[in-house]
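To keep things clear, I will list the structure first and then write my remarks on it.
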Amino acid sequence: MSNTEGRDPRFADIDSWPTTDAVEAMLDGQIEALVAIRQATSAIATAADAAAERLSAGGRLVYAGAGTSGRVAVQDGVELGPTFGWPETRLAYLIAGGMTALAHSAEGAEDDEQAGREAVAATAITENDVVIGVAASGRTPFTLAVLNMARAAGALTIAIANNPGAPLLAAAEHGLLAATGSEIIAGSTRMKAGTAQKAILNILSTAIMLRLGRVYRGLMVDMQISNDKLLARGQAMVASLSGCSDQQAALALAQSGNNIKAAVLVAMGATPEAAIERLAAHRGTLRSAIEDGEDSPK
């Protein structure tokens with residue numbers, strides 16, 4: 001398949017097509033982008049397991065990229081807090097041109113290798129961290145410098161790229177390729193390449209959270225309760241997982257400081273203090289904490 005910067009002759013006159021035909025072609029391209037990910041299934045799973053093991057020691061999840069790839073990476077990271085309760089203190093973003101480049105184009109910053117090295121140094125990357133570098137071309141100097149420097153510092157490195165044989169894939173311990181090929185509009189990697197990157201990041205980070213015990217029975221039990229809608233959702237989770245009434249679930253949540261995992265254990269008979277202690281003993285994994293309670297003397 002051709003690289004992301006190539007021109008596909010099938011779409012040379014797309015600007016003259018009826019809008020419906022152009023939209024259908026773009027939709028087909030989006031579907032092709034998702035299909036391209038399937039070959040990376042095993043590699044994504046392996047990377048997720050390795051990342052979860054590293055992060056269990058208390059490290060950070062660090063996203064790196066430039067342009068569209070950087071924006072897609074940041075979007076994945078910022079959603080981990082409200083969705084899985086991942087602390088902001090355990091997230092970092094190394095973006096070419098800085099965080100202001102998310103809203104204001106700074107495309108030239110992607111060529112600054114020194115800035116990439118300086119970003120790693122300033123973030124004090126260590127062996128407990130997991131650094132994910134994203135670049136459609138797989139050769140962006142800034143992102144490549146970040147991964148090389150982070151790997152030298154002992155961090156676990158994961159690369160996501162859309163061109164086979166890309167230097168970024170070789171630089172990382174875990175290279176995740178989505179060979180999406182040329183774009184319908186030549187070089188516009190916000191299209192197929194960006195869609196594939198977003199999907200891989202969604203799957204990768206969610207798999208990491210699964211392995212870290214932040215999901216139980218298909219529910220986001222580390223979800224942050226920050227409004228009435230989420231409070232109702234949290235109460236429903238507690239009632240469903242513990243088998244208690246809605247009223248008991250609301251009380252258990254209140255007694256547990258809106259900690260859904262602790263509230264489930266409280267609803268099942270534990271004191272709030274014992275629930276927190278049991279979760280800590282099982283590294284925050286609700287499944288193990290419940291099984292521990294079931295095995296305890298009655």
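Starting from 1 in every chain, residues are counted up; chains themselves are A, B, ... following the order of the structure tokens, and ligands are numbered from 1 as listed.
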
Residues flagged helix (DSSP H, G or I) by DSSP in stretch 69-179 of chain A, as a PyMOL selection string: chain A and resi 69-78+80-84+88-90+99-102+107-111+113-123+141-152+167-171

Close residues, stretch 217-232 of chain A itself excluded, 9 Å, only C-alpha atoms, min 2 positions apart in chain, as a list in words: Gly81, Pro82, Thr83, Phe84, Gly85, Trp86, Gly213, Arg214, Val215, Gly234, Gln235, Ala236, Met237, Val238, Leu241, Ala250, Leu253, Asn258, Asn259, Ile260, Lys261, Leu286 and Arg287 of chain A

Closest atom pairs, stretch 77-143 of chain A residues within 10 Å of stretch 3-26 of chain A, only C-alpha atoms, as a tab-separated table:
```
residue	atom	partner	partner_atom	distance
A:Ala136	CA	A:Thr4	CA	7.0
A:Ser137	CA	A:Thr4	CA	6.5
A:Gly138	CA	A:Thr4	CA	9.9
```

Surrounding residues of stretch 188-196 of chain A excluding itself and chain neighbours under 4 positions, 6 Å, only C-alpha atoms, as a list in words: Gln30, Ala33, Leu34, Thr68 and Thr180 of chain A

Would you output that residue set with N, CA and C atoms, as an mmCIF file, in the first residue's frame?
```
data_model
loop_
_atom_site.group_PDB
_atom_site.id
_atom_site.type_symbol
_atom_site.label_atom_id
_atom_site.label_comp_id
_atom_site.auth_asym_id
_atom_site.auth_seq_id
_atom_site.Cartn_x
_atom_site.Cartn_y
_atom_site.Cartn_z
ATOM 1 N N GLN A 30 -12.641 5.934 5.609
ATOM 2 C CA GLN A 30 -12.658 5.775 7.061
ATOM 3 C C GLN A 30 -12.801 4.305 7.449
ATOM 4 N N ALA A 33 -9.596 2.553 6.982
ATOM 5 C CA ALA A 33 -8.646 2.878 8.053
ATOM 6 C C ALA A 33 -8.835 1.953 9.239
ATOM 7 N N LEU A 34 -10.073 1.668 9.573
ATOM 8 C CA LEU A 34 -10.337 0.781 10.707
ATOM 9 C C LEU A 34 -9.958 -0.661 10.386
ATOM 10 N N THR A 68 -1.573 16.941 13.646
ATOM 11 C CA THR A 68 -2.763 16.120 13.853
ATOM 12 C C THR A 68 -2.490 14.984 14.823
ATOM 13 N N THR A 180 -2.531 2.670 6.398
ATOM 14 C CA THR A 180 -3.735 3.237 5.785
ATOM 15 C C THR A 180 -3.506 3.740 4.368
#
```

DSSP-assigned strand (DSSP E or B) among stretch 61-247 of chain A, expressed as an MDAnalysis selection string: chainID A and resid 61:65 91:95 130:135 156:161 174:177 183 216 219

What would the file look like if the residues just selected were written as an mmCIF file, in the first residue's frame with C-alpha atoms?
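Saved result, again14.cif, follows:
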```
data_model
loop_
_atom_site.group_PDB
_atom_site.id
_atom_site.type_symbol
_atom_site.label_atom_id
_atom_site.label_comp_id
_atom_site.auth_asym_id
_atom_site.auth_seq_id
_atom_site.Cartn_x
_atom_site.Cartn_y
_atom_site.Cartn_z
ATOM 1 C CA LEU A 61 1.501 7.667 30.675
ATOM 2 C CA VAL A 62 3.213 10.119 28.326
ATOM 3 C CA TYR A 63 1.901 11.072 24.885
ATOM 4 C CA ALA A 64 4.117 12.588 22.190
ATOM 5 C CA GLY A 65 3.374 13.905 18.727
ATOM 6 C CA LEU A 91 -0.160 12.046 32.542
ATOM 7 C CA ALA A 92 2.237 14.118 30.449
ATOM 8 C CA TYR A 93 2.111 15.523 26.929
ATOM 9 C CA LEU A 94 5.178 16.214 24.794
ATOM 10 C CA ILE A 95 3.790 18.134 21.842
ATOM 11 C CA VAL A 130 5.278 4.622 29.306
ATOM 12 C CA VAL A 131 5.839 6.933 26.335
ATOM 13 C CA ILE A 132 3.543 6.696 23.296
ATOM 14 C CA GLY A 133 4.780 8.454 20.159
ATOM 15 C CA VAL A 134 2.316 9.057 17.326
ATOM 16 C CA ALA A 135 3.211 10.122 13.769
ATOM 17 C CA LEU A 156 8.725 1.708 27.879
ATOM 18 C CA THR A 157 8.203 3.100 24.387
ATOM 19 C CA ILE A 158 5.264 2.531 22.032
ATOM 20 C CA ALA A 159 5.022 3.941 18.497
ATOM 21 C CA ILE A 160 1.952 4.383 16.322
ATOM 22 C CA ALA A 161 2.566 5.087 12.631
ATOM 23 C CA HIS A 174 6.421 -1.815 20.586
ATOM 24 C CA GLY A 175 5.650 -0.591 17.083
ATOM 25 C CA LEU A 176 1.970 -0.432 16.096
ATOM 26 C CA LEU A 177 1.380 -0.076 12.365
ATOM 27 C CA GLU A 183 -5.352 9.766 1.544
ATOM 28 C CA TYR A 216 -15.067 -4.513 36.408
ATOM 29 C CA LEU A 219 -18.286 -1.049 33.935
#
```

Close residues, stretch 263-278 of chain A itself excluded, 8 Å, only C-alpha atoms, min 5 positions apart in chain, as a PyMOL selection string: chain A and resi 238-239+241-242+244+248-249+252-253+255-256+258+289-290

Could you save those same residues with C-alpha atoms as a tab-separated table (two decimals), in the first residue's frame?
```tsv
chain	number	residue	atom	x	y	z
A	238	VAL	CA	-23.10	0.03	42.85
A	239	ALA	CA	-26.63	-1.41	42.90
A	241	LEU	CA	-22.59	-4.98	41.14
A	242	SER	CA	-23.57	-5.52	44.76
A	244	CYS	CA	-28.40	-3.85	46.76
A	248	GLN	CA	-28.57	1.41	49.74
A	249	ALA	CA	-26.34	2.18	46.76
A	252	ALA	CA	-22.88	3.38	50.26
A	253	LEU	CA	-21.57	5.92	47.74
A	255	GLN	CA	-20.24	6.83	52.93
A	256	SER	CA	-17.39	6.05	50.53
A	258	ASN	CA	-18.23	8.72	45.85
A	289	ALA	CA	-11.16	-7.42	46.56
A	290	ILE	CA	-14.63	-8.96	46.22
```
